[in-house]
Amino acid sequence: MALRLFGMASTRVPAYRDFLKINKINPAKIRTIADFGKIPHINKKNYLLRYPLEKLCWDGEITSSDMISLSSGSSGEPFFWLRSKEHEREATLDHELLLVDSFGINKYSTLFIVSFSMGMWVAGTLTHRAAQDIASRYKMTVITPGINKNDVLNIIKKLGSKYEQIVIAGYPPFVKDIIDGGSANGIEWKKLKVKFLFAAEGFSEKWRDYMYKQVSAKNPLKDSLNIYGTADALILGHETPLSILIRRLVNKNKDGLYKDLFKYDARVPTLIQYNPSSKYFESINNSLIFSAFSGIPLIRYEIGDSGDIVPYDNMAVLLKKYRIDLK
């Protein structure tokens, strides 16, 4: 995937052709993944902010994008990110996978509440578009109150009991405000089957357990998950029942397994899985670098996040060292 992306971008993206020329890279000589690893990284400073937006797009055509989102600017200047129709379809497939696998929307009638910020921000608009497409194939209804807590609580009061389950999608701190505010306003969460779809921020397993306790969640591995997403390339990966299980087991062994797995970071780490057919990840000096077919093609892009890549077999060997068998 990474080599195919490079080959296409080196001929069809004007800015990337120029970037390779400046760095004296001959695209014809990039034939193997080892060759690919020699290509200079790109980032906002050395690439994205050096070229006009249209030059960063496929064939230099900004009008080929389906939608544009704005990044938060947390690492500097906010940036306009283009989203193509293919990009959106990939994100919809990711959402459908996790909604069926973890939340069982193929089994239960579902009220899907999008409580992410809307406007130009990627989380709200992407979740809405993906969920509405998916809803046409399942017994799922989508509603988009955004970050208005009173509206969310009113929706749950008036409509929640009419569905077999409710999925609240939102930023972790805001969703906690919803749950705490609902309890204070007479909503009996225990009578509703509530699940959580989080994004944009990490949290601890202790925090997850607090949320589960408030709504009397029955399945700690399938009643919530966190998405690792960005405006740059939409969904990069997400939690799965397996990754949540591993993280919860790791937290029980702080001195050994935890340090072996999360050796680089003292902060609370997120553990996710990703689809290698749509994203190519590398970890260099604890810095995550990825390549992705997005509205703006990204090849060996430094996103500014720290982390490591652990193949499944390596994870199995590490866990077996502590008498945990993935099989």
# chains A, B, ... in the order shown; residues from 1 in each chain; ligands from 1
>>> select_by_dssp(residues="range 50-210 of chain A", states="alpha helix (DSSP H)", output="PyMOL selection string")
chain A and resi 85-101+122-135+149-159+172-184+205-210
>>> residues_around(residues="Ile284 in chain A", least_positions_apart="6", cutoff="10 Å", atoms="only C-alpha atoms", output="MDAnalysis selection string")
chainID A and resid 302 306:309
>>> closest_residue(among="A:Ala131, A:Ile244, A:Ala184, A:Val215", to="Asp94 in chain A", atoms="only C-alpha atoms")
A:Ala131
>>> closest_atom_pairs(of="range 25-121 of chain A", to="range 253-277 of chain A", cutoff="12 Å", atoms="only C-alpha atoms", output="CSV")
residue,atom,partner,partner_atom,distance
A:Glu90,CA,A:Asn275,CA,10.6
A:Ala91,CA,A:Asn275,CA,11.4
A:Leu93,CA,A:Asn275,CA,11.1
A:Asp94,CA,A:Asn275,CA,9.0
A:Leu97,CA,A:Asn275,CA,11.2
A:Leu98,CA,A:Gln273,CA,11.3
>>> write_last_selection(atoms="C-alpha atoms", output="compact mmCIF listing (two decimals), in the first residue's frame")
# COMPACT_ATOMS: atom_id res chain seq x y z
CA GLU A 90 -12.98 4.22 4.09
CA ALA A 91 -14.01 5.99 7.31
CA LEU A 93 -16.30 1.17 6.59
CA ASP A 94 -14.22 1.65 9.76
CA LEU A 97 -16.88 -2.46 11.51
CA LEU A 98 -16.66 -1.14 15.05
>>> closest_atom_pairs(of="range 204-262 of chain A", to="range 155-175 of chain A", cutoff="12 Å", atoms="only C-alpha atoms", output="JSON lines")
{"residue": "A:Ser204", "atom": "CA", "partner": "A:Pro172", "partner_atom": "CA", "distance": 10.8}
{"residue": "A:Trp207", "atom": "CA", "partner": "A:Pro172", "partner_atom": "CA", "distance": 9.5}
{"residue": "A:Arg208", "atom": "CA", "partner": "A:Pro172", "partner_atom": "CA", "distance": 9.4}
{"residue": "A:Tyr210", "atom": "CA", "partner": "A:Pro172", "partner_atom": "CA", "distance": 11.9}
{"residue": "A:Met211", "atom": "CA", "partner": "A:Val175", "partner_atom": "CA", "distance": 9.1}
{"residue": "A:Gln214", "atom": "CA", "partner": "A:Val175", "partner_atom": "CA", "distance": 11.8}
{"residue": "A:Val215", "atom": "CA", "partner": "A:Ile166", "partner_atom": "CA", "distance": 11.1}
{"residue": "A:Ala217", "atom": "CA", "partner": "A:Gln165", "partner_atom": "CA", "distance": 11.4}
{"residue": "A:Lys222", "atom": "CA", "partner": "A:Val167", "partner_atom": "CA", "distance": 11.7}
{"residue": "A:Asp223", "atom": "CA", "partner": "A:Val167", "partner_atom": "CA", "distance": 9.1}
{"residue": "A:Ser224", "atom": "CA", "partner": "A:Val167", "partner_atom": "CA", "distance": 8.9}
{"residue": "A:Leu225", "atom": "CA", "partner": "A:Ala169", "partner_atom": "CA", "distance": 9.8}
{"residue": "A:Asn226", "atom": "CA", "partner": "A:Pro172", "partner_atom": "CA", "distance": 8.9}
{"residue": "A:Ile227", "atom": "CA", "partner": "A:Tyr171", "partner_atom": "CA", "distance": 10.3}
{"residue": "A:Tyr228", "atom": "CA", "partner": "A:Tyr171", "partner_atom": "CA", "distance": 11.8}
{"residue": "A:Gly229", "atom": "CA", "partner": "A:Tyr171", "partner_atom": "CA", "distance": 11.9}
>>> write_last_selection(atoms="C-alpha atoms", output="compact mmCIF listing (two decimals), in the first residue's frame")
# COMPACT_ATOMS: atom_id res chain seq x y z
CA SER A 204 -7.49 5.53 31.99
CA TRP A 207 -12.05 6.37 34.25
CA ARG A 208 -13.70 3.84 31.91
CA TYR A 210 -16.35 4.92 36.46
CA MET A 211 -18.41 5.48 33.30
CA GLN A 214 -22.78 5.01 36.21
CA VAL A 215 -24.73 3.24 33.45
CA ALA A 217 -22.55 -1.52 31.68
CA LYS A 222 -17.66 -4.10 24.18
CA ASP A 223 -19.59 -1.27 25.82
CA SER A 224 -17.12 1.47 24.85
CA LEU A 225 -14.21 2.15 22.55
CA ASN A 226 -11.90 5.01 21.73
CA ILE A 227 -10.99 6.11 18.20
CA TYR A 228 -7.54 7.40 17.28
CA GLY A 229 -8.49 9.91 14.63
>>> closest_residue(among="A:Leu236, A:Leu53, A:Ile187, A:Met67", to="Ala199 in chain A", atoms="only C-alpha atoms")
A:Leu236
>>> closest_residue(among="A:Ser283, A:Asn219, A:Ser102, A:Ser10", to="Glu239 in chain A", atoms="only C-alpha atoms")
A:Ser102
>>> closest_residue(among="A:Trp121, A:Asp325, A:Trp81, A:Lys279", to="Ile299 in chain A", atoms="only C-alpha atoms")
A:Lys279
>>> residues_around(residues="Ile324 in chain A", least_positions_apart="6", cutoff="10 Å", atoms="only C-alpha atoms", output="NGL selection string")
:A and (246 or 249 or 316-318)
>>> write_last_selection(atoms="all heavy atoms", output="compact mmCIF listing (two decimals), in the first residue's frame")
# COMPACT_ATOMS: atom_id res chain seq x y z
N ILE A 246 -6.30 -6.39 26.53
CA ILE A 246 -4.86 -6.34 26.78
C ILE A 246 -4.53 -5.16 27.69
O ILE A 246 -3.75 -5.30 28.64
CB ILE A 246 -4.09 -6.24 25.46
CG1 ILE A 246 -4.23 -7.54 24.66
CG2 ILE A 246 -2.61 -5.95 25.70
CD1 ILE A 246 -3.67 -7.48 23.25
N LEU A 249 -5.47 -5.95 31.23
CA LEU A 249 -4.53 -6.92 31.81
C LEU A 249 -3.20 -6.26 32.13
O LEU A 249 -2.59 -6.55 33.18
CB LEU A 249 -4.32 -8.09 30.84
CG LEU A 249 -5.50 -9.03 30.63
CD1 LEU A 249 -5.21 -9.99 29.48
CD2 LEU A 249 -5.83 -9.80 31.91
N ALA A 316 1.74 -11.29 21.32
CA ALA A 316 1.46 -12.61 21.89
C ALA A 316 2.66 -13.14 22.67
O ALA A 316 2.52 -13.69 23.76
CB ALA A 316 1.06 -13.58 20.78
N VAL A 317 3.86 -12.96 22.12
CA VAL A 317 5.08 -13.41 22.80
C VAL A 317 5.29 -12.64 24.10
O VAL A 317 5.62 -13.22 25.14
CB VAL A 317 6.31 -13.24 21.87
CG1 VAL A 317 7.61 -13.47 22.64
CG2 VAL A 317 6.22 -14.20 20.70
N LEU A 318 5.09 -11.33 24.05
CA LEU A 318 5.26 -10.51 25.26
C LEU A 318 4.28 -10.92 26.34
O LEU A 318 4.66 -11.07 27.51
CB LEU A 318 5.06 -9.03 24.90
CG LEU A 318 5.11 -8.04 26.07
CD1 LEU A 318 6.47 -8.10 26.77
CD2 LEU A 318 4.82 -6.62 25.59
>>> residues_around(residues="Phe36 in chain A", least_positions_apart="3", cutoff="9 Å", atoms="only C-alpha atoms", output="list in words")
Ala2, Leu3, Phe6, Ile30, Arg31, Thr32, Ile33, Ile39 and Arg300 of chain A
>>> write_last_selection(atoms="all heavy atoms", output="mmCIF file, in the first residue's frame")
data_model
loop_
_atom_site.group_PDB
_atom_site.id
_atom_site.type_symbol
_atom_site.label_atom_id
_atom_site.label_comp_id
_atom_site.auth_asym_id
_atom_site.auth_seq_id
_atom_site.Cartn_x
_atom_site.Cartn_y
_atom_site.Cartn_z
ATOM 1 N N ALA A 2 1.875 1.258 0.858
ATOM 2 C CA ALA A 2 2.746 2.431 0.968
ATOM 3 C C ALA A 2 3.493 2.696 -0.340
ATOM 4 O O ALA A 2 3.609 3.846 -0.781
ATOM 5 C CB ALA A 2 3.736 2.234 2.116
ATOM 6 N N LEU A 3 3.975 1.640 -0.982
ATOM 7 C CA LEU A 3 4.701 1.801 -2.234
ATOM 8 C C LEU A 3 3.775 2.264 -3.360
ATOM 9 O O LEU A 3 4.150 3.086 -4.198
ATOM 10 C CB LEU A 3 5.386 0.489 -2.625
ATOM 11 C CG LEU A 3 6.563 0.068 -1.741
ATOM 12 C CD1 LEU A 3 6.990 -1.362 -2.050
ATOM 13 C CD2 LEU A 3 7.731 1.022 -1.909
ATOM 14 N N PHE A 6 3.093 5.937 -2.746
ATOM 15 C CA PHE A 6 4.248 6.738 -3.140
ATOM 16 C C PHE A 6 4.321 6.887 -4.660
ATOM 17 O O PHE A 6 4.550 7.986 -5.186
ATOM 18 C CB PHE A 6 5.540 6.109 -2.622
ATOM 19 C CG PHE A 6 6.778 6.784 -3.147
ATOM 20 C CD1 PHE A 6 7.206 7.991 -2.622
ATOM 21 C CD2 PHE A 6 7.492 6.222 -4.211
ATOM 22 C CE1 PHE A 6 8.336 8.631 -3.130
ATOM 23 C CE2 PHE A 6 8.617 6.853 -4.717
ATOM 24 C CZ PHE A 6 9.036 8.066 -4.178
ATOM 25 N N ILE A 30 12.708 3.869 -5.857
ATOM 26 C CA ILE A 30 11.985 3.429 -4.657
ATOM 27 C C ILE A 30 11.159 2.204 -5.038
ATOM 28 O O ILE A 30 10.023 2.315 -5.520
ATOM 29 C CB ILE A 30 11.096 4.561 -4.099
ATOM 30 C CG1 ILE A 30 11.921 5.834 -3.880
ATOM 31 C CG2 ILE A 30 10.415 4.114 -2.803
ATOM 32 C CD1 ILE A 30 13.079 5.677 -2.918
ATOM 33 N N ARG A 31 11.739 1.027 -4.854
ATOM 34 C CA ARG A 31 11.107 -0.208 -5.310
ATOM 35 C C ARG A 31 10.704 -1.144 -4.177
ATOM 36 O O ARG A 31 9.821 -1.989 -4.350
ATOM 37 C CB ARG A 31 12.068 -0.943 -6.258
ATOM 38 C CG ARG A 31 12.428 -0.136 -7.505
ATOM 39 C CD ARG A 31 13.481 -0.843 -8.322
ATOM 40 N NE ARG A 31 13.857 -0.081 -9.520
ATOM 41 C CZ ARG A 31 14.830 -0.412 -10.346
ATOM 42 N NH1 ARG A 31 15.541 -1.516 -10.114
ATOM 43 N NH2 ARG A 31 15.090 0.341 -11.402
ATOM 44 N N THR A 32 11.373 -1.060 -3.049
ATOM 45 C CA THR A 32 11.090 -1.955 -1.925
ATOM 46 C C THR A 32 10.719 -1.136 -0.697
ATOM 47 O O THR A 32 10.928 0.083 -0.657
ATOM 48 C CB THR A 32 12.310 -2.821 -1.586
ATOM 49 O OG1 THR A 32 13.353 -1.961 -1.058
ATOM 50 C CG2 THR A 32 12.831 -3.529 -2.829
ATOM 51 N N ILE A 33 10.223 -1.806 0.324
ATOM 52 C CA ILE A 33 9.860 -1.093 1.552
ATOM 53 C C ILE A 33 11.116 -0.581 2.254
ATOM 54 O O ILE A 33 11.064 0.418 2.989
ATOM 55 C CB ILE A 33 9.003 -1.981 2.479
ATOM 56 C CG1 ILE A 33 8.144 -1.105 3.412
ATOM 57 C CG2 ILE A 33 9.847 -2.965 3.261
ATOM 58 C CD1 ILE A 33 7.118 -0.263 2.699
ATOM 59 N N ILE A 39 13.020 7.577 2.275
ATOM 60 C CA ILE A 39 12.379 8.812 1.814
ATOM 61 C C ILE A 39 12.282 9.793 2.992
ATOM 62 O O ILE A 39 11.908 9.401 4.104
ATOM 63 C CB ILE A 39 10.966 8.510 1.275
ATOM 64 C CG1 ILE A 39 11.029 7.531 0.103
ATOM 65 C CG2 ILE A 39 10.263 9.800 0.844
ATOM 66 C CD1 ILE A 39 9.675 6.972 -0.273
ATOM 67 N N ARG A 300 4.947 9.146 4.712
ATOM 68 C CA ARG A 300 5.892 9.245 5.825
ATOM 69 C C ARG A 300 5.685 10.581 6.558
ATOM 70 O O ARG A 300 6.598 11.380 6.758
ATOM 71 C CB ARG A 300 7.336 9.095 5.369
ATOM 72 C CG ARG A 300 7.622 7.816 4.591
ATOM 73 C CD ARG A 300 9.095 7.449 4.626
ATOM 74 N NE ARG A 300 9.430 6.765 5.886
ATOM 75 C CZ ARG A 300 10.634 6.790 6.457
ATOM 76 N NH1 ARG A 300 11.609 7.501 5.903
ATOM 77 N NH2 ARG A 300 10.857 6.147 7.588
#
>>> select_by_dssp(residues="range 61-287 of chain A", states="strand (DSSP E or B)", output="PyMOL selection string")
chain A and resi 67-70+80-83+110-114+140-143+165-170+194-199+224-230+234-238+273+279-284+287
>>> atom_distance(atom1="CA of Asp18 in chain A", atom2="CA of His41 in chain A")
14.1 Å
>>> atom_distance(atom1="CA of Ile289 in chain A", atom2="CA of Phe79 in chain A")
18.5 Å
